Structures are given as C-alpha cells and as structure tokens.
Amino acid sequence: MKFIVSSSYLLKQLQVLGGIINSNNTLPILDNFLFDLDNKSLTVSASDLETTISSKLEVESTEKGMICVPAKLLLETLKTFPEQPLTFTVEDNSTIEISSNHGKYALAYASGEEFPNAVELKDPSSTVVQGDVLATAISKTIFASGNDDLRPVMSGVFFQFSTDNLVFVATDAHKLVKYTRDDISASQTAEFIMPKKPLNLLKSILGGSEDDVIIEYNESNAKFIFENTEMICRLIDGKYPNYEAVIPKENPNKLVIDRNQFLNSVRRVSIFSSKTTHQIRLKIAGAELNISAEDIDYSNKAEERLTCDYQGDDMQIGFNSRFLTEMLNNLTSDEVSLEMSLPNRAGILTPVDGLDEGETVTMLVMPVMLNN
C-alpha cells in the first residue's frame, strides 16, 4: 500500500488521536496507530481499550491496506517536518517508508489484524448537541468530579438527557456542579456516566467548534460523531447518587459580590490558612464581608474586608479555600451570588450574569466546621 499526505495535516489529526494513548499499555499493540487505507480515504484509529477514537483523512492513493504504525515514533518524526507532502510506502521487509523532500525514514510496522476492534453499538438512542455547547458543559463540570477509585461513579460526569433539557453533573462529595441547558433536549430520557479521560479529549477537540455532535448511547457505551471523527467509550457502570437531595432548597441568606474581587481575596487570604485544612472563614454582617484565615502552627494569619450586597442574618461560615477558588475560577461572570442557610449546610454559588440563553450553572460547596 502507498499514499501521499500533507505533513502538517497528518500531524494535526494524529496529535488529537494520540491523546488517548496511555504511556504504559498492557497490550503493546495499543502503542500504535491503526492505518486503514481505502483509496482516497485513510482512517486512523487509536485506543486504550476503554476508548477508541478514529479520524478519516483525505490522502492521494488508489490502494487498500491496513497496518499498525508506532505512534510515538511517528509523532516525533512528523513534528520536525516543515509543511510538505510525505509519501508512505509499505515495503516487503515489514517496514513502512516515509519519503520527504530531503530524506527517507523507515519504521517497523505490525499487522492491522492485531489491533482491537471498536465496539459496535446495538440499537442506540441518539441526541444532537452543538460542539461548543458540549465543550462548555464538560469544562464547567469536569473539575468537580472525584478521583476516588473506591467510588468510580463519582469519578465521571453524569449526563442526564430528557425531553425538556440536558443536565450535566459532577461531584466528589465536597463540591458539586450542575450545568443545565434548557434550550436543547433529547428525543427520549436517558442517563449515563462518562469517564473523565475521553471527556477531556472531547473538550480539547470541540472547544469553539460550531459543528453538531451526534451522541449515540446504550447501556454500556457512548459514541460521539462529529466532522470526520468518531469516538466510542465504555461508560462507568453504576448508579449515580441522588444529587438533587443534597442541594438545599431554602437559602434565606444571599450574598452578591464581584467575582474577581472575591476570587483574588480568597486566593490571598488562603496563603495564610492551615496547610492541612485550607480553611478560610467568611463573616458576613450588613454590607461587609470579612474573609480571614489562620495557621495556628506557624502563627500566620490574614484578614480582608470587602463590601458586598447581602440580605440575611449575620453569619460565619467556613470553607475549604481550594474548592472555592476552583469554582470561582471556573465561572466567567462579573458577579456571583452565594446563598446559604446555616453554617453547617452547603453554600450555593451561581453566576449573576454572563450566561447564554437557556444556560444555568449551580455550584454547591460543603462548609468546613469552624473551631472558635
């Protein structure tokens, strides 16, 4: 088999696919890209067994064939080429030769038959979402998912599709984010938990893309189809916790404050907090918010006063500053609102402005007990 392709076009596609390849694979064949040539169409696939992603590329060729090419070696070689056509030729001695304007490079290849086949989805349901909407939904939620191997259901993002809206939820039991789109709906109700790795890959590919993404899913797998790319991944098995039950409904104390000012203040004050608890204290009275932290072991302490818009009873509440910083960082609004009921109940953080039509973001952060 033989084909000709532009070096930068090939590199761009392979860098996307390479994101799925693990650094230490149990099966050596997974260190390769699968090249499947069918005349002018070259399908390149990469897999880590859980997730398989493939892209169709246009090449110049009149032949057919299927081989596995070492991914790392090929990527490193392609990165060094200036833009030019490259000719790939499969030789008799189990090597594939790449010819550039200035030289020839031979790589050993493996048989394409050894590469694991991607899963076929049996009678899937499907939903269509715009690329940048999906990328936003992932980036708004994925940071809140957990890393605990003992609770795998919390290590992914929960997709909840209904005929009214699409909901994306992530939580690690300390913080929770619920992202809702009321302007998009699915043809039927469905729920599944997507693992983090393929989501991070999708987020990086789809950022800013206005193309539609078709999401097909059944009990065990989900498939994302867009432009010339397909990604199939195994879903996380298990039942997602009832997150609605932990979102407090009655929150009479409401604080509205400039997001940047609040974020910078929390960042500064948290430098002086205890290195084990990262605890900061918010003391709210009238139109004044007092943020303080203390590290008793080292006699470090800090305190800042900010003006805010507050309705409710005077209160003191403690939070882990890392969670608060992550959440404020993830929002893009100018102002945020923090709603609370009691010092031992979760606080609810929402953006006041800067949302698209039909978009809602609810972030929940668990308090830490204050030791007075």
# chains A, B, ... in the order shown; residues from 1 in each chain; ligands from 1
>>> residues_around(residues="Leu78 (chain A)", least_positions_apart="4", cutoff="7 Å", atoms="only C-alpha atoms", output="ChimeraX atom specification")
/A:7,11,74
>>> select_by_dssp(residues="region 178-229 of chain A", states="helix (DSSP H, G or I)", output="tab-separated table (two decimals) with all heavy atoms, in the first residue's frame")
chain	number	residue	atom	x	y	z
A	196	LYS	N	-13.69	10.42	32.74
A	196	LYS	CA	-13.01	11.71	32.57
A	196	LYS	C	-12.10	11.80	31.34
A	196	LYS	O	-12.07	12.80	30.66
A	196	LYS	CB	-12.14	11.95	33.81
A	196	LYS	CG	-12.62	13.14	34.62
A	196	LYS	CD	-11.63	13.53	35.67
A	196	LYS	CE	-11.90	12.77	36.94
A	196	LYS	NZ	-11.32	13.45	38.10
A	197	LYS	N	-11.34	10.73	31.09
A	197	LYS	CA	-10.31	10.82	30.04
A	197	LYS	C	-10.88	11.16	28.66
A	197	LYS	O	-10.44	12.12	28.02
A	197	LYS	CB	-9.50	9.52	30.01
A	197	LYS	CG	-8.30	9.59	29.06
A	197	LYS	CD	-7.51	8.29	29.13
A	197	LYS	CE	-6.48	8.18	28.04
A	197	LYS	NZ	-5.82	6.89	28.03
A	198	PRO	N	-11.90	10.40	28.18
A	198	PRO	CA	-12.47	10.77	26.88
A	198	PRO	C	-13.12	12.15	26.88
A	198	PRO	O	-13.11	12.85	25.87
A	198	PRO	CB	-13.50	9.69	26.60
A	198	PRO	CG	-13.70	8.95	27.87
A	198	PRO	CD	-12.49	9.15	28.69
A	199	LEU	N	-13.67	12.58	28.04
A	199	LEU	CA	-14.28	13.90	28.11
A	199	LEU	C	-13.25	15.01	27.94
A	199	LEU	O	-13.47	16.00	27.26
A	199	LEU	CB	-15.02	14.09	29.44
A	199	LEU	CG	-16.35	13.36	29.58
A	199	LEU	CD1	-16.97	13.66	30.94
A	199	LEU	CD2	-17.33	13.74	28.47
A	200	ASN	N	-12.08	14.83	28.59
A	200	ASN	CA	-11.02	15.83	28.44
A	200	ASN	C	-10.57	15.94	26.99
A	200	ASN	O	-10.28	17.02	26.49
A	200	ASN	CB	-9.82	15.48	29.34
A	200	ASN	CG	-9.98	16.05	30.73
A	200	ASN	OD1	-10.45	17.18	30.91
A	200	ASN	ND2	-9.65	15.27	31.75
A	201	LEU	N	-10.53	14.79	26.32
A	201	LEU	CA	-10.14	14.77	24.91
A	201	LEU	C	-11.19	15.50	24.06
A	201	LEU	O	-10.86	16.34	23.23
A	201	LEU	CB	-10.00	13.32	24.46
A	201	LEU	CG	-9.19	13.10	23.19
A	201	LEU	CD1	-7.74	13.49	23.42
A	201	LEU	CD2	-9.25	11.64	22.75
A	202	LEU	N	-12.47	15.20	24.33
A	202	LEU	CA	-13.55	15.86	23.60
A	202	LEU	C	-13.51	17.37	23.80
A	202	LEU	O	-13.68	18.15	22.87
A	202	LEU	CB	-14.91	15.36	24.11
A	202	LEU	CG	-15.49	14.11	23.48
A	202	LEU	CD1	-16.80	13.76	24.16
A	202	LEU	CD2	-15.73	14.29	21.98
A	203	LYS	N	-13.25	17.77	25.06
A	203	LYS	CA	-13.21	19.19	25.40
A	203	LYS	C	-12.15	19.91	24.57
A	203	LYS	O	-12.38	20.98	24.03
A	203	LYS	CB	-12.91	19.33	26.89
A	203	LYS	CG	-12.93	20.74	27.41
A	203	LYS	CD	-12.68	20.76	28.91
A	203	LYS	CE	-11.21	20.72	29.23
A	203	LYS	NZ	-10.93	20.94	30.65
A	204	SER	N	-10.97	19.27	24.44
A	204	SER	CA	-9.89	19.94	23.71
A	204	SER	C	-10.16	19.96	22.20
A	204	SER	O	-9.77	20.88	21.51
A	204	SER	CB	-8.54	19.29	24.01
A	204	SER	OG	-8.57	17.94	23.60
A	205	ILE	N	-10.86	18.93	21.69
A	205	ILE	CA	-11.13	18.90	20.24
A	205	ILE	C	-12.26	19.87	19.89
A	205	ILE	O	-12.23	20.55	18.87
A	205	ILE	CB	-11.56	17.49	19.77
A	205	ILE	CG1	-10.52	16.44	20.13
A	205	ILE	CG2	-11.78	17.47	18.26
A	205	ILE	CD1	-10.97	15.01	19.87
A	206	LEU	N	-13.29	19.94	20.75
A	206	LEU	CA	-14.52	20.65	20.38
A	206	LEU	C	-14.56	22.12	20.77
A	206	LEU	O	-15.48	22.82	20.41
A	206	LEU	CB	-15.74	19.95	21.01
A	206	LEU	CG	-16.03	18.54	20.51
A	206	LEU	CD1	-17.13	17.92	21.34
A	206	LEU	CD2	-16.43	18.58	19.05
>>> closest_residue(among="A:Ile348, A:Asn260, A:Val266, A:Thr332", to="Ile247 (chain A)", atoms="only C-alpha atoms")
A:Ile348
>>> residues_around(residues="Ser61 (chain A)", least_positions_apart="2", cutoff="10 Å", atoms="only C-alpha atoms", output="VMD selection string")
chain A and resid 1 to 5 37 to 42 58 to 59 63 to 64 87
>>> residues_around(residues="Lys175 (chain A)", least_positions_apart="3", cutoff="12 Å", atoms="only C-alpha atoms", output="VMD selection string")
chain A and resid 141 to 146 154 169 to 172 178 243 246 to 247 319 to 327 346 to 349 362 to 368
>>> closest_residue(among="A:Asp309, A:Glu219, A:Asp164, A:Asp48", to="Ser187 (chain A)", atoms="only C-alpha atoms")
A:Asp164
>>> decode(residues="region 113-174 of chain A", atoms="C-alpha atoms", output="PDB file, in the first residue's frame")
ATOM      1  CA  GLU A 113      -5.374  -7.513  12.260  1.00  0.00           C
ATOM      2  CA  GLU A 114      -3.858  -7.405  15.766  1.00  0.00           C
ATOM      3  CA  PHE A 115      -5.497  -4.078  16.623  1.00  0.00           C
ATOM      4  CA  PRO A 116      -8.595  -4.483  18.852  1.00  0.00           C
ATOM      5  CA  ASN A 117     -11.880  -3.806  17.066  1.00  0.00           C
ATOM      6  CA  ALA A 118     -14.025  -0.913  18.258  1.00  0.00           C
ATOM      7  CA  VAL A 119     -17.334  -1.831  19.899  1.00  0.00           C
ATOM      8  CA  GLU A 120     -20.453  -1.695  17.733  1.00  0.00           C
ATOM      9  CA  LEU A 121     -23.402  -0.034  19.478  1.00  0.00           C
ATOM     10  CA  LYS A 122     -26.548  -2.154  19.318  1.00  0.00           C
ATOM     11  CA  ASP A 123     -29.762  -0.110  18.778  1.00  0.00           C
ATOM     12  CA  PRO A 124     -28.504   3.110  20.373  1.00  0.00           C
ATOM     13  CA  SER A 125     -30.534   6.222  21.266  1.00  0.00           C
ATOM     14  CA  SER A 126     -29.153   9.492  19.946  1.00  0.00           C
ATOM     15  CA  THR A 127     -29.068  13.217  20.684  1.00  0.00           C
ATOM     16  CA  VAL A 128     -27.521  16.100  18.742  1.00  0.00           C
ATOM     17  CA  VAL A 129     -25.569  18.811  20.596  1.00  0.00           C
ATOM     18  CA  GLN A 130     -23.541  21.704  19.202  1.00  0.00           C
ATOM     19  CA  GLY A 131     -19.792  21.165  19.677  1.00  0.00           C
ATOM     20  CA  ASP A 132     -19.018  24.278  21.707  1.00  0.00           C
ATOM     21  CA  VAL A 133     -22.056  23.668  23.950  1.00  0.00           C
ATOM     22  CA  LEU A 134     -20.778  20.182  24.765  1.00  0.00           C
ATOM     23  CA  ALA A 135     -17.246  21.514  25.343  1.00  0.00           C
ATOM     24  CA  THR A 136     -18.618  24.177  27.716  1.00  0.00           C
ATOM     25  CA  ALA A 137     -20.731  21.633  29.592  1.00  0.00           C
ATOM     26  CA  ILE A 138     -17.668  19.421  30.068  1.00  0.00           C
ATOM     27  CA  SER A 139     -15.322  22.203  31.195  1.00  0.00           C
ATOM     28  CA  LYS A 140     -17.915  23.648  33.583  1.00  0.00           C
ATOM     29  CA  THR A 141     -18.368  20.287  35.355  1.00  0.00           C
ATOM     30  CA  ILE A 142     -15.347  18.006  34.959  1.00  0.00           C
ATOM     31  CA  PHE A 143     -13.178  19.787  37.555  1.00  0.00           C
ATOM     32  CA  ALA A 144     -15.679  18.842  40.272  1.00  0.00           C
ATOM     33  CA  SER A 145     -15.562  15.100  39.606  1.00  0.00           C
ATOM     34  CA  GLY A 146     -13.750  12.877  42.103  1.00  0.00           C
ATOM     35  CA  ASN A 147     -10.588  10.772  41.900  1.00  0.00           C
ATOM     36  CA  ASP A 148     -11.582   8.077  44.377  1.00  0.00           C
ATOM     37  CA  ASP A 149     -11.145   4.567  42.928  1.00  0.00           C
ATOM     38  CA  LEU A 150     -13.461   3.178  45.603  1.00  0.00           C
ATOM     39  CA  ARG A 151     -16.337   5.315  44.272  1.00  0.00           C
ATOM     40  CA  PRO A 152     -15.953   5.044  40.493  1.00  0.00           C
ATOM     41  CA  VAL A 153     -19.404   6.550  39.776  1.00  0.00           C
ATOM     42  CA  MET A 154     -18.170   9.864  41.179  1.00  0.00           C
ATOM     43  CA  SER A 155     -15.059   9.878  39.011  1.00  0.00           C
ATOM     44  CA  GLY A 156     -17.012  10.826  35.893  1.00  0.00           C
ATOM     45  CA  VAL A 157     -19.600  13.294  34.642  1.00  0.00           C
ATOM     46  CA  PHE A 158     -23.285  12.339  34.842  1.00  0.00           C
ATOM     47  CA  PHE A 159     -25.214  13.036  31.613  1.00  0.00           C
ATOM     48  CA  GLN A 160     -28.956  13.358  32.169  1.00  0.00           C
ATOM     49  CA  PHE A 161     -30.957  13.794  28.969  1.00  0.00           C
ATOM     50  CA  SER A 162     -34.702  14.425  28.904  1.00  0.00           C
ATOM     51  CA  THR A 163     -37.310  15.804  26.519  1.00  0.00           C
ATOM     52  CA  ASP A 164     -37.124  19.150  28.390  1.00  0.00           C
ATOM     53  CA  ASN A 165     -33.402  19.740  28.803  1.00  0.00           C
ATOM     54  CA  LEU A 166     -29.883  18.359  29.105  1.00  0.00           C
ATOM     55  CA  VAL A 167     -28.228  18.230  32.539  1.00  0.00           C
ATOM     56  CA  PHE A 168     -24.549  17.547  33.284  1.00  0.00           C
ATOM     57  CA  VAL A 169     -23.483  16.885  36.878  1.00  0.00           C
ATOM     58  CA  ALA A 170     -20.150  16.208  38.598  1.00  0.00           C
ATOM     59  CA  THR A 171     -19.359  15.820  42.294  1.00  0.00           C
ATOM     60  CA  ASP A 172     -16.665  14.464  44.609  1.00  0.00           C
ATOM     61  CA  ALA A 173     -18.873  14.722  47.761  1.00  0.00           C
ATOM     62  CA  HIS A 174     -17.195  18.022  48.800  1.00  0.00           C
TER      63      HIS A 174
END
